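K.L.:
Let me give you the structure first, and then I'll get to my questions.
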Amino acid sequence: MLYSCSIQKYIPEGERLYTGAKINLKADSSVQKVSELKADLETVLRPEPNSKFLGMHLGLYYYYKNQKENPNFINRWLYKKFGQKPVYQSDVEVYDMEEILRNRLENHGFFYSRVASSFKEKKKKASVIYNLNVPAPYKMETYQVDRMVSPIYAEVKELSKSSIFKKNMRFDLQNLKLERQRLDAALKKKGYYNFNDSFLLFEADTNQYKNKRFDLFLKLKAGVPEKAIVPYKIKRINIYPDYDIKDSANTKAVRYKEKSYHQDSVYFKPKYLDEFITLKEGEFYNPITSKNTARRLSEIGAYKYVNIQYKELDTSLTNQMGALEANIFLSPLTKRAIRAELQAVTKSNNFAGPKLGLTYSNRNLFKGGETLNVSSNIGYETQISSGDNLGLSSIELGLKTELIFPRVIAPFSFKEDFFEYSIPKTKTSLSATYLSRSKLYTLLSGNLFFGYVWNANRYITYEINPISVNYTRLSNTTAKFKEILENNPFLQRSFDQQFISGLTFSFTYNEMLGKNKTHQFFANSTLDVAGNSISLFAKETAAGKPKEFLGLQFAQYAKADVDFRYHYNFGRNNEQTIATRLFAGYGYAYGNSDVVPFVKQYFSGGPYSVRAFNIRSLGPGTYNEDEDLNTNGTFFDKTGNIRLEANIEYRFPIYSFLKGAVFADAGNVWNSEANPAFNGKDKFTSNFINELGMGAGLGLRVDVQGFVIRFDLAAPFHDPSFKKGERWNFRINEPVLNFAIGYSF
């Protein structure tokens, strides 16, 4: 009440604050879906009253406060961000609004409706009541296509058979507009390059009836140009694989599969580029085919611009047919690039140090759109702690070569139209890493994989790697590290199996492209199976011992996980989002293994997980390292073969490119079989809900055109490593700061 009074005292004398409008609708008994009709009419009510928050006109309050002489900085900022100019009774043009409502009813077929209005006034406030009397609507008796010129008449008549117009349908202007658009799109697919939906005209005739019935006729407008009512075929296709607007003349043309490729020297081999172009000479113009061609060419990764232009050829419209020339201009990206990256790394195990990475890229390596990436990195870390762990250091050297072919490399072939939406990419990779951890060990690892990735449609992506090989070799182990392995048999066995060979498959459904949709869904499922094929060729060296392949123990396991996400976008321009995520993963060792390899196990905590806990520090289960007298420090990550996580986050704009967030996370990792090194506290049980690590916090994001730098400050409020009865404690004085690139989910 006090707040309302503070607003009312600012309202000028002789004015009343407009609080909105109400529609009272009295409809004929034959009118169906009255509530939907009323909801539609309410969308046209103008002006909109000042908005409220929890019953308060905050925007209006900030406006009035800013009208004072010399308002302070806070009031100016609040007005700029949330302020609203007042809407008064004098701003409401009721007679214009009556006409708009009457027109809207006629658009729905309710002709001769009656509309009246009246103000409901109080001392400082006023609202409007619109009383509508809605008669029975006009309904369609017949629908037919009037005679048109050939050849378009036959096409329109055939397309009209699939129209939604049926006898007894209510007259609706929106349906007429949608039908014109449908016919226009269908005609374009049949080659009518110059056609436009405005050339179609609907006429309703009520002269034959006295009971609110009408005949509907579809006609062509008078004066439609001849070139709009004939289909066009593509007579010539010109491709410019190395197009530069500054130097585009006098290029050589080479014919390949009924297409002309214009390039001075061979920048992109026609035999490789041709499969991305779905346009064909002699076929009718089709905008869908043109769009597919542009998308497929853009996905090669060698071009920054793809521009398809059509030109009408100067030929007479013989045989009621036109001719087009399609010109495809392809502007290449810079062929070679070098990227340098310097990182400052800190970890939850008190390791810190610099890391330098260099990447060389060559696009269109073999003149077929191939991309070569060669990356190397060098990193140094030291443990900044006291006691026995002081002085532990780590040196890491890495080299990775990746070659991507924008086509299928396989011993078998596919039909030309098998991959209709996009052509799969073939990815190959070979990498090696050298890791030396002082006072512990040296680890040499290598990775090789070969696979395919492709988009089935706009939302679905598949990735399959039939060849995925990992090899690790442990050497220079110290007595201290041997003691660690002896105390942790699980860890020792995961290092013993140095060879991992298998297959991985991934399915992704992604609607998280922009914020045009209110409801957005994301789902990812990954399957990783190793050791089955090589087990057929493995040899048993000793009874009860793991089998070996080429003298190496190999891992045998299956691992599957799912990641579901849902975003609800709302507010002005969908600037606010409630984002949720649910993750579940399970790894199962069998056959030649009784432990999932260390590099394939799950971990929890960190900027993309439960943010109130440091990366790889949560769990497993209820294990507490501080209570373990046998621990050798926090050098090794805490992992498990089971992982569950859930996240929820409210994202909102602050100012310009600054965004804010409030979030809560929960999750943990477990082992299906207890690891003695964790005193059995890591085993997954039916009590897992009470063993989730939980935290909440605030976030600040710098979002510049989709590039996001993220800062999240979170504190735990449920720590499963504590004793029962002590786990629920919001340790706001022990926050964890997360810094990352991109959103967490």
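All residue names refer to the structure tokens as shown: chains lettered A, B, ... in order, residues numbered from 1 in each chain, ligands numbered from 1 in order.
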Write out as a list in words which residues come within 8 Å of Gly742 of chain A when counting only C-alpha atoms, dropping same-chain ones fewer than 6 positions away.

P.N.:
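Answer for this query is Phe707, Val708, Ile709 and Arg710 of chain A.
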
K.L.:
With N, CA and C atoms retained, export the selected residues as a compact mmCIF listing (two decimals), in the first residue's frame.

P.N.:
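The resulting result.txt:
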# COMPACT_ATOMS: atom_id res chain seq x y z
N PHE A 707 31.53 -15.56 -28.13
CA PHE A 707 32.77 -15.97 -27.46
C PHE A 707 32.63 -15.61 -25.98
N VAL A 708 32.66 -16.63 -25.11
CA VAL A 708 32.32 -16.44 -23.71
C VAL A 708 33.53 -16.70 -22.82
N ILE A 709 33.84 -15.74 -21.97
CA ILE A 709 34.82 -15.91 -20.89
C ILE A 709 34.01 -15.98 -19.60
N ARG A 710 34.18 -17.06 -18.85
CA ARG A 710 33.28 -17.35 -17.73
C ARG A 710 34.03 -17.38 -16.40

K.L.:
Give me, as JSON lines, each residue of segment 275-310 of chain A that comes within 7 Å of segment 221-236 of chain A, together with its shortest interatomic pair and the distance in Å at one decimal, counting only C-alpha atoms, with rows ordered by chain and rising residue number.

P.N.:
{"residue": "A:Glu281", "atom": "CA", "partner": "A:Ile234", "partner_atom": "CA", "distance": 5.2}
{"residue": "A:Gly282", "atom": "CA", "partner": "A:Ile234", "partner_atom": "CA", "distance": 5.4}
{"residue": "A:Glu283", "atom": "CA", "partner": "A:Lys233", "partner_atom": "CA", "distance": 5.5}
{"residue": "A:Phe284", "atom": "CA", "partner": "A:Lys233", "partner_atom": "CA", "distance": 4.2}
{"residue": "A:Tyr285", "atom": "CA", "partner": "A:Lys233", "partner_atom": "CA", "distance": 5.5}

K.L.:
Ile338 of chain A: which residues within 8 Å, counting only C-alpha atoms, same-chain residues fewer than 3 positions away excluded, as a PyMOL selection string?

P.N.:
chain A and resi 358-361

K.L.:
Using only C-alpha atoms, find each residue in segment 573-615 of chain A having at least one atom no more than 7 Å away from segment 544-559 of chain A; report its shortest atom-to-atom pair and that distance in Å (one decimal), rows by chain then rising number, as CSV.

P.N.:
residue,atom,partner,partner_atom,distance
A:Tyr586,CA,A:Lys559,CA,5.8
A:Gly587,CA,A:Lys559,CA,4.1
A:Tyr588,CA,A:Ala558,CA,5.3
A:Ala589,CA,A:Tyr557,CA,4.2
A:Tyr590,CA,A:Tyr557,CA,5.6
A:Gly591,CA,A:Gln556,CA,6.1
A:Asn592,CA,A:Pro546,CA,5.4
A:Ser593,CA,A:Gln556,CA,5.5
A:Val596,CA,A:Tyr557,CA,6.4

K.L.:
So, with only C-alpha atoms as the atoms that count, which of A:Ala432, A:Glu396, A:Thr382, A:Pro676 lies closest to Leu356 of chain A?

P.N.:
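For Leu356 of chain A, the nearest of the candidates is A:Glu396.
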